[in-house]
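Q: The file below is entry31.tsv, TSV, N, CA and C atoms and all ligand atoms:
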chain	number	residue	atom	x	y	z
A	242	MET	N	97.83	125.95	97.81
A	242	MET	CA	96.46	125.76	98.30
A	242	MET	C	96.29	124.32	98.79
A	243	ASP	N	95.92	124.17	100.05
A	243	ASP	CA	95.72	122.83	100.59
A	243	ASP	C	94.26	122.42	100.40
A	244	TRP	N	94.02	121.72	99.31
A	244	TRP	CA	92.62	121.39	98.97
A	244	TRP	C	92.04	120.32	99.87
A	245	THR	N	92.90	119.54	100.56
A	245	THR	CA	92.33	118.54	101.48
A	245	THR	C	91.62	119.25	102.63
A	246	LYS	N	92.13	120.43	103.02
A	246	LYS	CA	91.47	121.22	104.06
A	246	LYS	C	90.12	121.72	103.57
A	247	ILE	N	90.09	122.12	102.29
A	247	ILE	CA	88.83	122.60	101.70
A	247	ILE	C	87.79	121.48	101.73
A	248	ILE	N	88.23	120.26	101.38
A	248	ILE	CA	87.31	119.12	101.40
A	248	ILE	C	86.80	118.87	102.82
A	249	ASP	N	87.71	119.01	103.79
A	249	ASP	CA	87.32	118.89	105.20
A	249	ASP	C	86.22	119.88	105.56
A	250	VAL	N	86.42	121.12	105.11
A	250	VAL	CA	85.44	122.17	105.41
A	250	VAL	C	84.11	121.83	104.73
A	251	VAL	N	84.17	121.41	103.47
A	251	VAL	CA	82.94	121.05	102.74
A	251	VAL	C	82.21	119.95	103.48
A	252	LYS	N	82.97	118.94	103.94
A	252	LYS	CA	82.35	117.83	104.65
A	252	LYS	C	81.67	118.32	105.94
A	253	ASN	N	82.37	119.17	106.68
A	253	ASN	CA	81.81	119.69	107.94
A	253	ASN	C	80.57	120.53	107.71
A	254	VAL	N	80.60	121.35	106.66
A	254	VAL	CA	79.45	122.19	106.34
A	254	VAL	C	78.25	121.30	105.99
A	255	LEU	N	78.50	120.28	105.18
A	255	LEU	CA	77.42	119.35	104.81
A	255	LEU	C	76.82	118.67	106.04
A	256	MET	N	77.72	118.26	106.97
A	256	MET	CA	77.22	117.57	108.17
A	256	MET	C	76.42	118.52	109.06
A	257	MET	N	76.82	119.81	109.05
A	257	MET	CA	76.07	120.80	109.82
A	257	MET	C	74.71	121.07	109.19
A	258	LEU	N	74.68	121.06	107.87
A	258	LEU	CA	73.45	121.36	107.15
A	258	LEU	C	72.44	120.21	107.22
A	259	ALA	N	72.95	118.99	107.23
A	259	ALA	CA	72.10	117.80	107.10
A	259	ALA	C	70.87	117.82	108.01
A	260	PRO	N	71.05	118.11	109.32
A	260	PRO	CA	69.86	118.06	110.21
A	260	PRO	C	68.76	119.06	109.81
A	261	GLN	N	69.16	120.17	109.16
A	261	GLN	CA	68.18	121.18	108.76
A	261	GLN	C	67.24	120.64	107.67
A	262	PHE	N	67.69	119.63	106.97
A	262	PHE	CA	66.92	119.12	105.84
A	262	PHE	C	66.20	117.81	106.16
A	263	LYS	N	66.25	117.44	107.43
A	263	LYS	CA	65.57	116.20	107.83
A	263	LYS	C	64.06	116.36	107.68
A	264	SER	N	63.45	115.34	107.13
A	264	SER	CA	61.99	115.37	107.00
A	264	SER	C	61.37	114.67	108.20
A	265	PRO	N	60.31	115.24	108.76
A	265	PRO	CA	59.64	114.58	109.89
A	265	PRO	C	59.01	113.24	109.48
A	266	ASP	N	58.80	113.06	108.17
A	266	ASP	CA	58.21	111.81	107.69
A	266	ASP	C	59.21	110.65	107.65
A	267	SER	N	60.49	110.99	107.74
A	267	SER	CA	61.51	109.96	107.65
A	267	SER	C	61.53	109.13	108.92
A	268	VAL	N	61.27	107.83	108.79
A	268	VAL	CA	61.20	106.99	109.99
A	268	VAL	C	62.47	106.17	110.22
A	269	VAL	N	63.20	105.84	109.13
A	269	VAL	CA	64.47	105.13	109.33
A	269	VAL	C	65.62	106.00	108.82
A	270	GLY	N	66.79	105.80	109.43
A	270	GLY	CA	67.98	106.56	109.05
A	270	GLY	C	68.67	105.94	107.85
A	271	VAL	N	69.93	106.28	107.65
A	271	VAL	CA	70.68	105.75	106.51
A	271	VAL	C	71.95	105.03	106.98
A	272	GLU	N	71.87	104.45	108.18
A	272	GLU	CA	73.07	103.80	108.74
A	272	GLU	C	73.60	102.68	107.85
A	273	GLU	N	72.68	101.83	107.39
A	273	GLU	CA	73.12	100.68	106.59
A	273	GLU	C	73.66	101.14	105.24
A	274	VAL	N	72.99	102.13	104.63
A	274	VAL	CA	73.48	102.67	103.36
A	274	VAL	C	74.87	103.27	103.56
A	275	LYS	N	75.03	103.99	104.67
A	275	LYS	CA	76.31	104.65	104.94
A	275	LYS	C	77.42	103.62	105.14
A	276	GLU	N	77.11	102.56	105.87
A	276	GLU	CA	78.12	101.51	106.09
A	276	GLU	C	78.49	100.83	104.78
A	277	ALA	N	77.50	100.65	103.91
A	277	ALA	CA	77.78	100.04	102.61
A	277	ALA	C	78.65	100.97	101.78
A	278	LEU	N	78.35	102.26	101.86
A	278	LEU	CA	79.14	103.26	101.13
A	278	LEU	C	80.60	103.24	101.58
A	279	VAL	N	80.79	103.16	102.89
A	279	VAL	CA	82.15	103.09	103.45
A	279	VAL	C	82.86	101.84	102.94
A	280	GLY	N	82.13	100.70	102.96
A	280	GLY	CA	82.71	99.44	102.49
A	280	GLY	C	83.14	99.52	101.04
A	281	ILE	N	82.28	100.11	100.21
A	281	ILE	CA	82.59	100.24	98.78
A	281	ILE	C	83.82	101.13	98.58
A	282	ASN	N	83.88	102.20	99.36
A	282	ASN	CA	85.03	103.11	99.25
A	282	ASN	C	86.33	102.44	99.69
A	283	GLU	N	86.27	101.70	100.80
A	283	GLU	CA	87.47	101.02	101.29
A	283	GLU	C	87.98	100.00	100.27
A	284	LEU	N	87.02	99.27	99.70
A	284	LEU	CA	87.37	98.28	98.70
A	284	LEU	C	87.90	98.97	97.44
A	285	GLY	N	87.26	100.08	97.09
A	285	GLY	CA	87.68	100.86	95.93
A	285	GLY	C	89.11	101.37	96.08
A	286	LEU	N	89.42	101.85	97.28
A	286	LEU	CA	90.77	102.35	97.55
A	286	LEU	C	91.80	101.26	97.34
A	287	LEU	N	91.47	100.10	97.88
A	287	LEU	CA	92.38	98.96	97.77
A	287	LEU	C	92.57	98.58	96.30
A	288	MET	N	91.48	98.64	95.54
A	288	MET	CA	91.54	98.25	94.13
A	288	MET	C	92.37	99.24	93.32
A	289	VAL	N	92.19	100.52	93.60
A	289	VAL	CA	92.97	101.53	92.88
A	289	VAL	C	94.46	101.27	93.09
A	290	LEU	N	94.81	100.94	94.33
A	290	LEU	CA	96.23	100.74	94.67
A	290	LEU	C	96.76	99.42	94.11
A	291	ARG	N	95.90	98.41	94.08
A	291	ARG	CA	96.37	97.07	93.73
A	291	ARG	C	96.24	96.73	92.24
A	292	PHE	N	95.19	97.22	91.62
A	292	PHE	CA	94.84	96.72	90.29
A	292	PHE	C	95.41	97.59	89.18
A	293	LYS	N	96.37	98.43	89.50
A	293	LYS	CA	96.91	99.34	88.49
A	293	LYS	C	97.58	98.58	87.35
A	294	ASP	N	98.13	97.41	87.66
A	294	ASP	CA	98.81	96.64	86.60
A	294	ASP	C	97.91	95.50	86.11
A	295	GLY	N	96.61	95.69	86.23
A	295	GLY	CA	95.68	94.65	85.80
A	295	GLY	C	95.37	93.71	86.94
A	296	LEU	N	94.28	92.99	86.76
A	296	LEU	CA	93.80	92.11	87.82
A	296	LEU	C	94.53	90.76	87.75
A	297	ASP	N	95.06	90.31	88.88
A	297	ASP	CA	95.59	88.94	88.92
A	297	ASP	C	95.25	88.31	90.26
A	298	PHE	N	95.58	87.04	90.42
A	298	PHE	CA	95.15	86.34	91.62
A	298	PHE	C	95.85	86.87	92.87
A	299	GLY	N	97.02	87.44	92.69
A	299	GLY	CA	97.72	88.04	93.82
A	299	GLY	C	96.90	89.14	94.46
A	300	ASP	N	96.08	89.81	93.64
A	300	ASP	CA	95.26	90.91	94.16
A	300	ASP	C	94.21	90.40	95.13
A	301	PHE	N	93.65	89.24	94.84
A	301	PHE	CA	92.67	88.65	95.77
A	301	PHE	C	93.37	88.26	97.06
A	302	GLY	N	94.62	87.79	96.93
A	302	GLY	CA	95.42	87.48	98.11
A	302	GLY	C	95.64	88.72	98.95
A	303	ALA	N	95.85	89.85	98.27
A	303	ALA	CA	96.11	91.11	98.97
A	303	ALA	C	94.88	91.54	99.76
A	304	ILE	N	93.69	91.36	99.15
A	304	ILE	CA	92.45	91.71	99.85
A	304	ILE	C	92.29	90.81	101.07
A	305	LEU	N	92.59	89.53	100.89
A	305	LEU	CA	92.48	88.56	101.99
A	305	LEU	C	93.46	88.91	103.11
A	306	ASP	N	94.68	89.31	102.71
A	306	ASP	CA	95.69	89.72	103.70
A	306	ASP	C	95.20	90.92	104.50
A	307	LYS	N	94.62	91.87	103.78
A	307	LYS	CA	94.15	93.09	104.45
A	307	LYS	C	93.04	92.72	105.43
A	308	TRP	N	92.17	91.84	104.98
A	308	TRP	CA	91.07	91.35	105.81
A	308	TRP	C	91.60	90.74	107.11
A	309	LYS	N	92.70	89.94	106.98
A	309	LYS	CA	93.24	89.23	108.13
A	309	LYS	C	94.04	90.16	109.04
A	310	ASN	N	94.75	91.12	108.44
A	310	ASN	CA	95.74	91.90	109.21
A	310	ASN	C	95.31	93.31	109.57
A	311	ASP	N	94.20	93.76	109.02
A	311	ASP	CA	93.76	95.13	109.29
A	311	ASP	C	92.37	95.09	109.93
A	312	PRO	N	92.33	95.09	111.29
A	312	PRO	CA	91.04	94.94	111.98
A	312	PRO	C	90.04	96.03	111.61
A	313	GLU	N	90.57	97.23	111.32
A	313	GLU	CA	89.68	98.34	110.98
A	313	GLU	C	88.98	98.08	109.63
A	314	PHE	N	89.77	97.59	108.69
A	314	PHE	CA	89.23	97.25	107.37
A	314	PHE	C	88.20	96.14	107.51
A	315	LYS	N	88.53	95.13	108.30
A	315	LYS	CA	87.62	94.00	108.50
A	315	LYS	C	86.31	94.47	109.13
A	316	ALA	N	86.42	95.34	110.13
A	316	ALA	CA	85.23	95.85	110.82
A	316	ALA	C	84.34	96.62	109.84
A	317	LYS	N	84.97	97.41	108.97
A	317	LYS	CA	84.18	98.19	108.00
A	317	LYS	C	83.48	97.27	107.00
A	318	MET	N	84.19	96.22	106.57
A	318	MET	CA	83.60	95.28	105.62
A	318	MET	C	82.43	94.52	106.26
A	319	GLU	N	82.62	94.13	107.52
A	319	GLU	CA	81.56	93.40	108.21
A	319	GLU	C	80.35	94.29	108.45
A	320	ALA	N	80.62	95.57	108.78
A	320	ALA	CA	79.53	96.53	108.98
A	320	ALA	C	78.77	96.73	107.67
A	321	ALA	N	79.51	96.77	106.56
A	321	ALA	CA	78.87	96.98	105.25
A	321	ALA	C	77.95	95.80	104.94
A	322	TYR	N	78.39	94.61	105.31
A	322	TYR	CA	77.63	93.40	104.99
A	322	TYR	C	76.46	93.19	105.94
A	323	THR	N	76.71	93.46	107.24
A	323	THR	CA	75.67	93.22	108.24
A	323	THR	C	74.51	94.20	108.05
A	324	GLY	N	73.32	93.68	107.93
A	324	GLY	CA	72.13	94.52	107.82
A	324	GLY	C	71.90	95.08	106.43
A	325	TYR	N	72.62	94.54	105.43
A	325	TYR	CA	72.48	95.06	104.06
A	325	TYR	C	71.05	94.93	103.54
A	326	ASP	N	70.29	93.95	104.13
A	326	ASP	CA	68.91	93.72	103.68
A	326	ASP	C	67.99	94.90	104.03
A	327	LYS	N	68.47	95.79	104.93
A	327	LYS	CA	67.65	96.95	105.30
A	327	LYS	C	67.88	98.12	104.33
A	328	ILE	N	68.86	97.97	103.44
A	328	ILE	CA	69.22	99.08	102.55
A	328	ILE	C	68.05	99.54	101.67
A	329	PRO	N	67.30	98.63	101.04
A	329	PRO	CA	66.18	99.10	100.20
A	329	PRO	C	65.17	99.95	100.98
A	330	ALA	N	64.87	99.53	102.22
A	330	ALA	CA	63.93	100.28	103.04
A	330	ALA	C	64.48	101.67	103.37
A	331	GLU	N	65.79	101.73	103.62
A	331	GLU	CA	66.41	103.03	103.92
A	331	GLU	C	66.36	103.95	102.70
A	332	PHE	N	66.58	103.36	101.53
A	332	PHE	CA	66.54	104.16	100.29
A	332	PHE	C	65.14	104.71	100.05
A	333	LYS	N	64.14	103.90	100.30
A	333	LYS	CA	62.75	104.32	100.09
A	333	LYS	C	62.40	105.49	100.99
A	334	ASP	N	63.05	105.54	102.14
A	334	ASP	CA	62.69	106.50	103.19
A	334	ASP	C	63.66	107.69	103.22
A	335	ILE	N	64.50	107.81	102.20
A	335	ILE	CA	65.56	108.82	102.24
A	335	ILE	C	64.96	110.23	102.14
A	336	ASP	N	65.51	111.14	102.95
A	336	ASP	CA	65.10	112.54	102.82
A	336	ASP	C	66.33	113.37	102.45
A	337	ALA	N	66.11	114.67	102.23
A	337	ALA	CA	67.21	115.54	101.76
A	337	ALA	C	68.36	115.56	102.76
A	338	GLY	N	68.00	115.59	104.05
A	338	GLY	CA	69.04	115.63	105.08
A	338	GLY	C	69.92	114.39	105.03
A	339	GLU	N	69.29	113.24	104.83
A	339	GLU	CA	70.04	111.99	104.76
A	339	GLU	C	70.89	111.93	103.49
A	340	GLY	N	70.35	112.50	102.41
A	340	GLY	CA	71.13	112.59	101.16
A	340	GLY	C	72.39	113.41	101.38
A	341	ILE	N	72.24	114.52	102.10
A	341	ILE	CA	73.39	115.39	102.38
A	341	ILE	C	74.38	114.65	103.28
A	342	GLU	N	73.84	113.91	104.25
A	342	GLU	CA	74.68	113.12	105.16
A	342	GLU	C	75.56	112.14	104.37
A	343	LEU	N	74.94	111.47	103.40
A	343	LEU	CA	75.66	110.50	102.58
A	343	LEU	C	76.69	111.22	101.70
A	344	ALA	N	76.31	112.38	101.17
A	344	ALA	CA	77.24	113.16	100.35
A	344	ALA	C	78.47	113.55	101.18
A	345	ALA	N	78.24	113.94	102.44
A	345	ALA	CA	79.34	114.31	103.33
A	345	ALA	C	80.29	113.13	103.52
A	346	GLU	N	79.70	111.94	103.71
A	346	GLU	CA	80.51	110.72	103.89
A	346	GLU	C	81.39	110.48	102.65
A	347	GLN	N	80.77	110.65	101.47
A	347	GLN	CA	81.50	110.40	100.23
A	347	GLN	C	82.58	111.45	100.02
A	348	VAL	N	82.25	112.71	100.30
A	348	VAL	CA	83.23	113.80	100.16
A	348	VAL	C	84.46	113.51	101.02
A	349	GLY	N	84.23	112.93	102.21
A	349	GLY	CA	85.33	112.60	103.11
A	349	GLY	C	86.31	111.60	102.51
A	350	TYR	N	85.85	110.81	101.56
A	350	TYR	CA	86.72	109.80	100.95
A	350	TYR	C	87.49	110.35	99.75
A	351	LEU	N	87.08	111.52	99.27
A	351	LEU	CA	87.73	112.05	98.06
A	351	LEU	C	89.25	112.20	98.20
A	352	PRO	N	89.74	112.80	99.31
A	352	PRO	CA	91.19	112.97	99.40
A	352	PRO	C	91.94	111.64	99.31
A	353	LYS	N	91.41	110.61	99.99
A	353	LYS	CA	92.06	109.29	99.98
A	353	LYS	C	92.07	108.71	98.57
A	354	LEU	N	90.93	108.84	97.88
A	354	LEU	CA	90.83	108.28	96.53
A	354	LEU	C	91.78	109.01	95.57
A	355	ILE	N	91.79	110.32	95.66
A	355	ILE	CA	92.67	111.10	94.79
A	355	ILE	C	94.13	110.76	95.08
A	356	GLU	N	94.44	110.62	96.37
A	356	GLU	CA	95.79	110.25	96.78
A	356	GLU	C	96.18	108.90	96.17
A	357	ALA	N	95.24	107.96	96.21
A	357	ALA	CA	95.51	106.62	95.67
A	357	ALA	C	95.76	106.68	94.16
A	358	PHE	N	94.98	107.48	93.46
A	358	PHE	CA	95.17	107.62	92.01
A	358	PHE	C	96.50	108.30	91.71
A	359	LYS	N	96.87	109.25	92.54
A	359	LYS	CA	98.15	109.97	92.37
A	359	LYS	C	99.31	109.00	92.51
A	360	LYS	N	99.21	108.12	93.52
A	360	LYS	CA	100.27	107.15	93.76
A	360	LYS	C	100.49	106.32	92.51
A	361	GLU	N	99.39	105.96	91.87
A	361	GLU	CA	99.47	105.16	90.65
A	361	GLU	C	100.24	105.91	89.58
A	362	GLU	N	99.91	107.20	89.41
A	362	GLU	CA	100.59	108.01	88.41
A	362	GLU	C	102.06	108.17	88.73
A	363	ALA	N	102.38	108.27	90.01
A	363	ALA	CA	103.75	108.55	90.43
A	363	ALA	C	104.64	107.32	90.33
A	364	GLN	N	104.02	106.15	90.07
A	364	GLN	CA	104.76	104.89	90.09
A	364	GLN	C	106.01	104.87	89.20
A	365	PRO	N	105.92	105.24	87.91
A	365	PRO	CA	107.10	105.12	87.06
A	365	PRO	C	108.22	106.07	87.48
A	366	ALA	N	107.87	107.29	87.92
A	366	ALA	CA	108.88	108.25	88.32
A	366	ALA	C	108.47	108.89	89.64
A	367	PRO	N	108.86	108.27	90.77
A	367	PRO	CA	108.43	108.81	92.05
A	367	PRO	C	108.93	110.24	92.25
A	368	ALA	N	108.05	111.07	92.80
A	368	ALA	CA	108.43	112.46	93.04
A	368	ALA	C	109.47	112.52	94.13
A	369	PRO	N	110.44	113.40	94.01
A	369	PRO	CA	111.47	113.52	95.08
A	369	PRO	C	110.86	114.05	96.36
A	370	GLU	N	111.41	113.63	97.51
A	370	GLU	CA	110.93	114.12	98.79
A	370	GLU	C	111.13	115.63	98.86
A	371	PRO	N	110.10	116.34	99.32
A	371	PRO	CA	110.29	117.79	99.42
A	371	PRO	C	111.33	118.13	100.49
A	372	ALA	N	112.23	119.04	100.18
A	372	ALA	CA	113.26	119.45	101.14
A	372	ALA	C	112.65	120.26	102.27
A	373	GLU	N	113.11	120.01	103.50
A	373	GLU	CA	112.56	120.75	104.65
A	373	GLU	C	113.12	122.16	104.66
A	401	CA	CA	65.04	108.22	106.33
A	402	CA	CA	75.47	97.46	107.85
Is it possible to express this structure as structure tokens?
A:
Amino acid sequence: MDWTKIIDVVKNVLMMLAPQFKSPDSVVGVEEVKEALVGINELGLLMVLRFKDGLDFGDFGAILDKWKNDPEFKAKMEAAYTGYDKIPAEFKDIDAGEGIELAAEQVGYLPKLIEAFKKEEAQPAPAPEPAE
């Protein structure tokens, strides 16, 4: 059973449902909240992979390296930071559709997070490559 496909389907269904639950009273979207959520997830992924043997100064170096060498990561972090002051207003104005939208975003990160945790478990005894 390929559960990553199931997560994909769940995410797509949530994104399809979200507009149905939009409230006409909602005046602001959840862009800033969503960008912050992405930033937290990206940082979380990095931490799961890096901090498995405890926190040390090399780990901060690793985050800095990623910041310098991975433009996509840097862009996500900057997006998370930019406009963060609008987050409280977005939260106040959240409707069910926007909640579902955020849930879909988070669901999309589950496979990556689970994969990262698996890598940690596999560290002492790496699984053999599956034969073709
Ligand atoms: Ca809203
Ligand atoms: Ca932002």
Q: Can you pull out the residues contacting range 254-269 of chain A? Cut-off 7 Å, using only C-alpha atoms, and skip same-chain residues under 5 positions away; I want them as a list of chain:residue names.
A: A:Glu331, A:Asp334, A:Ile335, A:Asp336, A:Ala337, A:Gly338, A:Glu339, A:Ile341, A:Glu342, A:Ala345
Q: For ligand CA 402 (chain A), which residue among A:Pro371, A:Gly340, A:Gly280, A:Gly324 is the nearest when counting all atoms listed in the file?
A: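 Selected residue with least distance to ligand CA 402 (chain A): A:Gly324.
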Q: List the spatial neighbours of Leu305 in chain A as a list in words - criterion: any atom at most 12 Å away, only C-alpha atoms, same-chain residues fewer than 3 positions off excluded.
A: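 The residues satisfying every condition are Leu284, Leu287, Phe298, Gly299, Asp300, Phe301, Gly302, Trp308, Lys309, Asn310, Asp311, Pro312, Phe314, Lys315 and Met318 of chain A.
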Q: Limited to N, CA and C atoms, could you put the picked residues into a file as a tab-separated table (two decimals), in the coordinates of the input?
A:
chain	number	residue	atom	x	y	z
A	284	LEU	N	87.02	99.27	99.70
A	284	LEU	CA	87.37	98.28	98.70
A	284	LEU	C	87.90	98.97	97.44
A	287	LEU	N	91.47	100.10	97.88
A	287	LEU	CA	92.38	98.96	97.77
A	287	LEU	C	92.57	98.58	96.30
A	298	PHE	N	95.58	87.04	90.42
A	298	PHE	CA	95.15	86.34	91.62
A	298	PHE	C	95.85	86.87	92.87
A	299	GLY	N	97.02	87.44	92.69
A	299	GLY	CA	97.72	88.04	93.82
A	299	GLY	C	96.90	89.14	94.46
A	300	ASP	N	96.08	89.81	93.64
A	300	ASP	CA	95.26	90.91	94.16
A	300	ASP	C	94.21	90.40	95.13
A	301	PHE	N	93.65	89.24	94.84
A	301	PHE	CA	92.67	88.65	95.77
A	301	PHE	C	93.37	88.26	97.06
A	302	GLY	N	94.62	87.79	96.93
A	302	GLY	CA	95.42	87.48	98.11
A	302	GLY	C	95.64	88.72	98.95
A	308	TRP	N	92.17	91.84	104.98
A	308	TRP	CA	91.07	91.35	105.81
A	308	TRP	C	91.60	90.74	107.11
A	309	LYS	N	92.70	89.94	106.98
A	309	LYS	CA	93.24	89.23	108.13
A	309	LYS	C	94.04	90.16	109.04
A	310	ASN	N	94.75	91.12	108.44
A	310	ASN	CA	95.74	91.90	109.21
A	310	ASN	C	95.31	93.31	109.57
A	311	ASP	N	94.20	93.76	109.02
A	311	ASP	CA	93.76	95.13	109.29
A	311	ASP	C	92.37	95.09	109.93
A	312	PRO	N	92.33	95.09	111.29
A	312	PRO	CA	91.04	94.94	111.98
A	312	PRO	C	90.04	96.03	111.61
A	314	PHE	N	89.77	97.59	108.69
A	314	PHE	CA	89.23	97.25	107.37
A	314	PHE	C	88.20	96.14	107.51
A	315	LYS	N	88.53	95.13	108.30
A	315	LYS	CA	87.62	94.00	108.50
A	315	LYS	C	86.31	94.47	109.13
A	318	MET	N	84.19	96.22	106.57
A	318	MET	CA	83.60	95.28	105.62
A	318	MET	C	82.43	94.52	106.26
Q: When distances are computed from all atoms listed in the file, which of A:Ala357, A:Val348, A:Glu370, A:Glu272 shows the smallest separation from Ile248 in chain A?
A: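 For Ile248 in chain A, the nearest of the given residues is A:Val348.
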Q: Which one is closest to ligand CA 402 (chain A): A:Glu283, A:Glu356, A:Glu313, A:Glu276? Count only N, CA and C atoms and all ligand atoms.
A: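 Looking only at the distances to ligand CA 402 (chain A), the closest residue turns out to be A:Glu276.
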Q: With distances taken over only C-alpha atoms, which residue among A:Ala344, A:Ala303, A:Leu278, A:Ala316 lies nearest Leu290 in chain A?
A: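 Closest candidate: A:Ala303.
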Q: May I ask which of the residues A:Leu286, A:Leu354, A:Ala330, A:Ala321 is the closest one to ligand CA 402 (chain A), counting only C-alpha atoms and all ligand atoms?
A: A:Ala321
Q: Residues of chain A that have any atom at most 5 Å from an atom of ligand CA 402 (chain A): could you tabulate them with the shortest-distance atom pair and the distance in Å to one decimal, using all atoms listed in the file, ordered by chain and increasing number, as JSON lines?
A:
{"residue": "A:Glu273", "atom": "CA", "partner": "A:CA402", "partner_atom": "CA", "distance": 4.2}
{"residue": "A:Ala320", "atom": "C", "partner": "A:CA402", "partner_atom": "CA", "distance": 3.4}
{"residue": "A:Ala321", "atom": "C", "partner": "A:CA402", "partner_atom": "CA", "distance": 4.2}
{"residue": "A:Tyr322", "atom": "C", "partner": "A:CA402", "partner_atom": "CA", "distance": 4.8}
{"residue": "A:Thr323", "atom": "C", "partner": "A:CA402", "partner_atom": "CA", "distance": 3.4}
{"residue": "A:Gly324", "atom": "N", "partner": "A:CA402", "partner_atom": "CA", "distance": 4.3}
{"residue": "A:Tyr325", "atom": "N", "partner": "A:CA402", "partner_atom": "CA", "distance": 4.7}
Q: So, counting only N, CA and C atoms and all ligand atoms, which residue among A:Val250, A:Asp297, A:Tyr350, A:Gly270 is closest to ligand CA 401 (chain A)?
A: A:Gly270
